Amino acid sequence: MSTTPPAPEPQAVIDAEMAEIRAEAEKARADGGPEELQPRRDYPPYRSSLLRHPKRPLVAAPEAFTELRGPVFGVTDVTDLDGDLTRQHHGEPLGERIVVTGRVLDREGRPVRGQLVEIWQANAAGRYAHKRDQHPAPLDPNFTGTGRCLTDDEGRYTFTSIKPGAYPWRNHLNAWRPAHIHFSLFGTAFTQRLVTQMYFPNDPLFPYDPIFNSITDERARQRLIATYDHDLSSPEWSLGYRWDIVLDGPSATWMEEGR
Amino acid sequence: MREPTPSQTVGPFFGYALPFADGGDLVPPGHPGAITMHGVVHDGAGRPIPDALLEFWQADPAGGLDGAPDSMRRDPVTGTFAGRSGVGFTGFGRVATDADGHWTLRTLPPGPAAPGALPYISVCVFARGLLHHLYTRVYLEDGPGDPLLDSLDADRRATLIARPEPHATYRFDVHLQGSEETVFLEFG
Ligand SMILES: [Fe+2]
């Protein structure tokens with residue numbers, strides 16, 4: 001028995017679905033509903049989400065002795081070179097050299113110190129060094145695209161890398177992801193765990209991307225876009241981007257202070 | 001209060017960035033007292049998910065939650081993962097599902113995180129298609145007095161209890177959606 005795979009849907013179908021969801025969300029907000037701070041897990045324009053989100057409401061945990069604590073990391077878990085993605089091979093990767101830095105804070109604005117930040121990204125041509133990425137763009141033998149570091153006493157992280165390219169994917173016909181760097185972060189509590197994506201300012205692909213637009217609130221979406229910071233750029237060397245990260249979720253210190 | 005940075009999906013290409021050597025082996029093979037926990041992550045059609053990533057965080061056998069560095073030790077000479085030293089117990093594991101959607105964790109049984117509490121392992125689920133991670137728990141056995149379990153009806157409660165198998169092994173399947181949908185948690 002063979003079945004013909006359905007023809008990929010055009011961008012216009014996805015655009016219409018995204019516009020409808022956004023209009024409905026904006027109306028709910030205007031009617032006094034809460035700001036949607038996180039993406040919707042149920043976001044049909046992102047086709048892979050259809051069968052991969054729970055349909056029952058989340059259950060509020062009555063206690064969280066374990067989740068209010070979390071794994072700890074230390075200097076043995078990173079090396080000094082792990083934060084520089086341009087120096088992991090013998091030669092220099094192709095692309096625009098960038099420095100990305102910022103602070104990791106909890107919702108009270110306190111720095112998250114000594115915690116692990118991990119990143120991964122496509123190369124300048126938009127290709128991941130991953131066997132399953134079949135985008136016919138060149139691999140760069142001098143770029144793997146993974147890095148990690150520990151936050152310092154002010155919660156600061158810094159990576160040196162190259163600006164990733166946009167890349168196509170198969171959500172629909174002519175689907176392209178805006179350029180982004182994947183970030184993974186730990187707080188002091190497991191409840192604060194965050195995996196997300198950092199975007200670059202003024203990307204023309206933003207309106208077409210169902211992953212970015214799964215966050216229905218405009219202000220919340222803006223929190224994923226780094227700021228170009230000229231003072232962070234180095235003469236004849238690199239461009240600077242700043243992106244601060246606020247971890248959601250309660251932590252043990254938050255509870256201990258009785259707030 | 002500052003507004004949180006929103007989540008985004010882990011996507012399909014985390015495989016060369018997040019999993020690490022010994023990620024699912026919190027104790028060395030053959031360690032006395034070790035248990036094996038394993039299962040399959042399913043989507044709403046009941047199909048296994050081959051590109052999910054599970055993270056585990058748990059108390060040590062005495063109930064301690066201090067953790068320890070050492071989970072993803074790096075070798076500064078080669079720039080690769082050196083593997084756990086096996087001396088301390090970090091309480092943290094990370095496992096990507098295989099082509100069959102299957103994962104395996106070798107660890108020590110958690111102790112009660114508070115006096116009289118039922119022991120459990122906290123689980124965080126990431127996957128392509130999942131825009132915001134999900135938390136659940138594996139209880140090694142059912143029992144009275146757990147405020148979460150007692151708040152659930154029998155069918156839902158059963159999704160959080162591991163099924164014992166021979167040789168100190170436990171089975172725990174995750175269903176992101178469907179009639180057997182796992183109980184997922186939120187924390188206020
Ligand atoms: Fe990506």
# chains A, B, ... in the order shown; residues from 1 in each chain; ligands from 1
>>> select_by_dssp(residues="chain B", states="strand (DSSP E)", output="ChimeraX atom specification")
/B:35-42,52-58,74-75,80-81,92-96,102-107,120-127,134-139,163-165,169-171,174-175,185-186
>>> write_last_selection(atoms="C-alpha atoms", output="JSON list (two decimals), in the first residue's frame")
[["chain", "number", "residue", "atom", "x", "y", "z"],
["B", 35, "ILE", "CA", 18.68, 0.83, 39.30],
["B", 36, "THR", "CA", 17.87, 1.03, 35.60],
["B", 37, "MET", "CA", 14.99, 3.19, 34.45],
["B", 38, "HIS", "CA", 13.87, 3.09, 30.85],
["B", 39, "GLY", "CA", 10.95, 3.78, 28.55],
["B", 40, "VAL", "CA", 9.67, 5.24, 25.32],
["B", 41, "VAL", "CA", 8.44, 8.76, 24.56],
["B", 42, "HIS", "CA", 5.25, 8.71, 22.44],
["B", 52, "ALA", "CA", 13.20, 13.93, 22.27],
["B", 53, "LEU", "CA", 15.63, 14.87, 25.02],
["B", 54, "LEU", "CA", 14.94, 13.96, 28.64],
["B", 55, "GLU", "CA", 16.61, 15.49, 31.67],
["B", 56, "PHE", "CA", 16.48, 13.97, 35.13],
["B", 57, "TRP", "CA", 17.10, 15.61, 38.50],
["B", 58, "GLN", "CA", 16.80, 13.72, 41.75],
["B", 74, "ARG", "CA", 35.37, 18.36, 29.89],
["B", 75, "ASP", "CA", 38.86, 17.30, 28.89],
["B", 80, "THR", "CA", 35.85, 16.69, 24.33],
["B", 81, "PHE", "CA", 33.74, 15.19, 27.09],
["B", 92, "PHE", "CA", 21.56, 15.05, 37.04],
["B", 93, "GLY", "CA", 21.10, 13.02, 33.87],
["B", 94, "ARG", "CA", 20.42, 13.88, 30.22],
["B", 95, "VAL", "CA", 19.42, 11.35, 27.59],
["B", 96, "ALA", "CA", 18.30, 11.73, 23.96],
["B", 102, "HIS", "CA", 13.65, 4.74, 23.76],
["B", 103, "TRP", "CA", 15.79, 6.08, 26.60],
["B", 104, "THR", "CA", 17.70, 4.47, 29.47],
["B", 105, "LEU", "CA", 18.90, 5.91, 32.78],
["B", 106, "ARG", "CA", 21.17, 4.15, 35.27],
["B", 107, "THR", "CA", 21.08, 5.76, 38.67],
["B", 120, "TYR", "CA", 10.58, 10.51, 42.93],
["B", 121, "ILE", "CA", 12.81, 11.55, 40.05],
["B", 122, "SER", "CA", 11.95, 14.85, 38.36],
["B", 123, "VAL", "CA", 11.85, 14.72, 34.55],
["B", 124, "CYS", "CA", 12.02, 17.55, 32.04],
["B", 125, "VAL", "CA", 10.98, 16.71, 28.47],
["B", 126, "PHE", "CA", 12.21, 18.53, 25.36],
["B", 127, "ALA", "CA", 11.44, 17.67, 21.73],
["B", 134, "LEU", "CA", 7.26, 19.78, 30.09],
["B", 135, "TYR", "CA", 7.89, 18.54, 33.63],
["B", 136, "THR", "CA", 6.76, 15.25, 35.02],
["B", 137, "ARG", "CA", 7.86, 12.85, 37.78],
["B", 138, "VAL", "CA", 8.72, 9.19, 38.07],
["B", 139, "TYR", "CA", 7.64, 7.68, 41.38],
["B", 163, "ARG", "CA", 6.45, -0.33, 36.53],
["B", 164, "PRO", "CA", 8.94, -2.72, 38.16],
["B", 165, "GLU", "CA", 10.70, -5.27, 35.95],
["B", 169, "THR", "CA", 14.78, -2.24, 36.41],
["B", 170, "TYR", "CA", 11.79, 0.10, 36.04],
["B", 171, "ARG", "CA", 9.73, 1.01, 33.03],
["B", 174, "VAL", "CA", 5.98, 9.23, 28.47],
["B", 175, "HIS", "CA", 2.91, 10.08, 26.36],
["B", 185, "LEU", "CA", 3.29, 19.63, 36.11],
["B", 186, "GLU", "CA", 3.48, 23.35, 36.67]]
>>> residues_near_ligand(ligand="ligand 1", cutoff="7 Å", atoms="only C-alpha atoms and all ligand atoms", output="list in words")
Gln121, Ala122, His180, Ile181 and His182 of chain A; Gly11 and Phe13 of chain B
>>> select_by_dssp(residues="region 37-245 of chain A", states="helix (DSSP H, G or I)", output="list in words")
Arg47, Ser48, Ser49, Val75, Thr76, Asp77, Asp80, Leu81, Asp82, Gly83, Phe190, Thr191, Gln192, Phe206, Pro207, Tyr208, Phe212, Asn213, Ser214, Glu218, Arg219, Ala220, Arg221, Gln222, His230, Asp231 and Leu232 of chain A
>>> interface_residues(of="chain B", to="chain A", cutoff="6 Å", atoms="only C-alpha atoms", output="number ranges by chain")
B: 1-2, 4-8, 17, 43-44, 67-69, 72-74, 76, 92, 113, 129-131, 148, 176-177, 184-187
>>> atom_distance(atom1="CA of Arg29 (chain A)", atom2="CA of Pro210 (chain A)")
20.1 Å
>>> residues_around(residues="Leu94 (chain A)", least_positions_apart="5", cutoff="8 Å", atoms="only C-alpha atoms", output="MDAnalysis selection string")
chainID A and resid 124 140 142 162
>>> closest_residue(among="B:Arg157, B:Gly111, B:Asp173, B:Asp51", to="Val10 (chain B)", atoms="only C-alpha atoms")
B:Asp51
>>> atom_distance(atom1="CA of Arg156 (chain B)", atom2="CA of Pro119 (chain B)")
18.2 Å
>>> atom_distance(atom1="CA of Arg110 (chain A)", atom2="CA of Cys149 (chain A)")
18.8 Å
>>> residues_around(residues="Gly86 (chain B)", least_positions_apart="2", cutoff="8 Å", atoms="only C-alpha atoms", output="number ranges by chain")
B: 26-28, 84, 88-89
>>> write_last_selection(atoms="all heavy atoms", output="short mmCIF file (atom, residue, chain, number, x, y, z; two decimals), in the first residue's frame")
data_model
loop_
_atom_site.label_atom_id
_atom_site.label_comp_id
_atom_site.auth_asym_id
_atom_site.auth_seq_id
_atom_site.Cartn_x
_atom_site.Cartn_y
_atom_site.Cartn_z
N LEU B 26 24.30 7.90 35.77
CA LEU B 26 24.65 8.67 36.96
C LEU B 26 25.60 7.90 37.86
O LEU B 26 26.24 8.47 38.73
CB LEU B 26 23.40 9.08 37.74
CG LEU B 26 22.71 10.34 37.21
CD1 LEU B 26 22.02 10.08 35.89
CD2 LEU B 26 21.73 10.91 38.22
N VAL B 27 25.64 6.58 37.65
CA VAL B 27 26.60 5.73 38.36
C VAL B 27 27.28 4.84 37.33
O VAL B 27 26.72 4.56 36.26
CB VAL B 27 25.90 4.86 39.43
CG1 VAL B 27 25.45 5.71 40.60
CG2 VAL B 27 24.73 4.09 38.84
N PRO B 28 28.51 4.38 37.64
CA PRO B 28 29.21 3.51 36.69
C PRO B 28 28.46 2.18 36.55
O PRO B 28 27.78 1.75 37.47
CB PRO B 28 30.59 3.29 37.33
CG PRO B 28 30.70 4.32 38.41
CD PRO B 28 29.32 4.67 38.83
N ARG B 84 32.00 11.18 33.41
CA ARG B 84 31.92 11.44 34.85
C ARG B 84 33.08 10.75 35.56
O ARG B 84 33.52 9.68 35.14
CB ARG B 84 30.60 10.88 35.41
CG ARG B 84 29.35 11.51 34.80
CD ARG B 84 28.12 10.81 35.36
NE ARG B 84 26.93 11.10 34.56
CZ ARG B 84 25.93 11.91 34.96
NH1 ARG B 84 25.97 12.48 36.13
NH2 ARG B 84 24.89 12.11 34.17
N GLY B 88 31.48 11.35 42.88
CA GLY B 88 30.32 11.96 43.53
C GLY B 88 29.03 11.57 42.83
O GLY B 88 29.05 10.91 41.79
N PHE B 89 27.91 11.96 43.41
CA PHE B 89 26.61 11.71 42.78
C PHE B 89 26.02 13.06 42.42
O PHE B 89 25.71 13.86 43.29
CB PHE B 89 25.70 10.94 43.73
CG PHE B 89 24.38 10.56 43.11
CD1 PHE B 89 24.31 9.54 42.16
CD2 PHE B 89 23.21 11.22 43.46
CE1 PHE B 89 23.10 9.19 41.58
CE2 PHE B 89 21.99 10.87 42.88
CZ PHE B 89 21.94 9.85 41.94
#
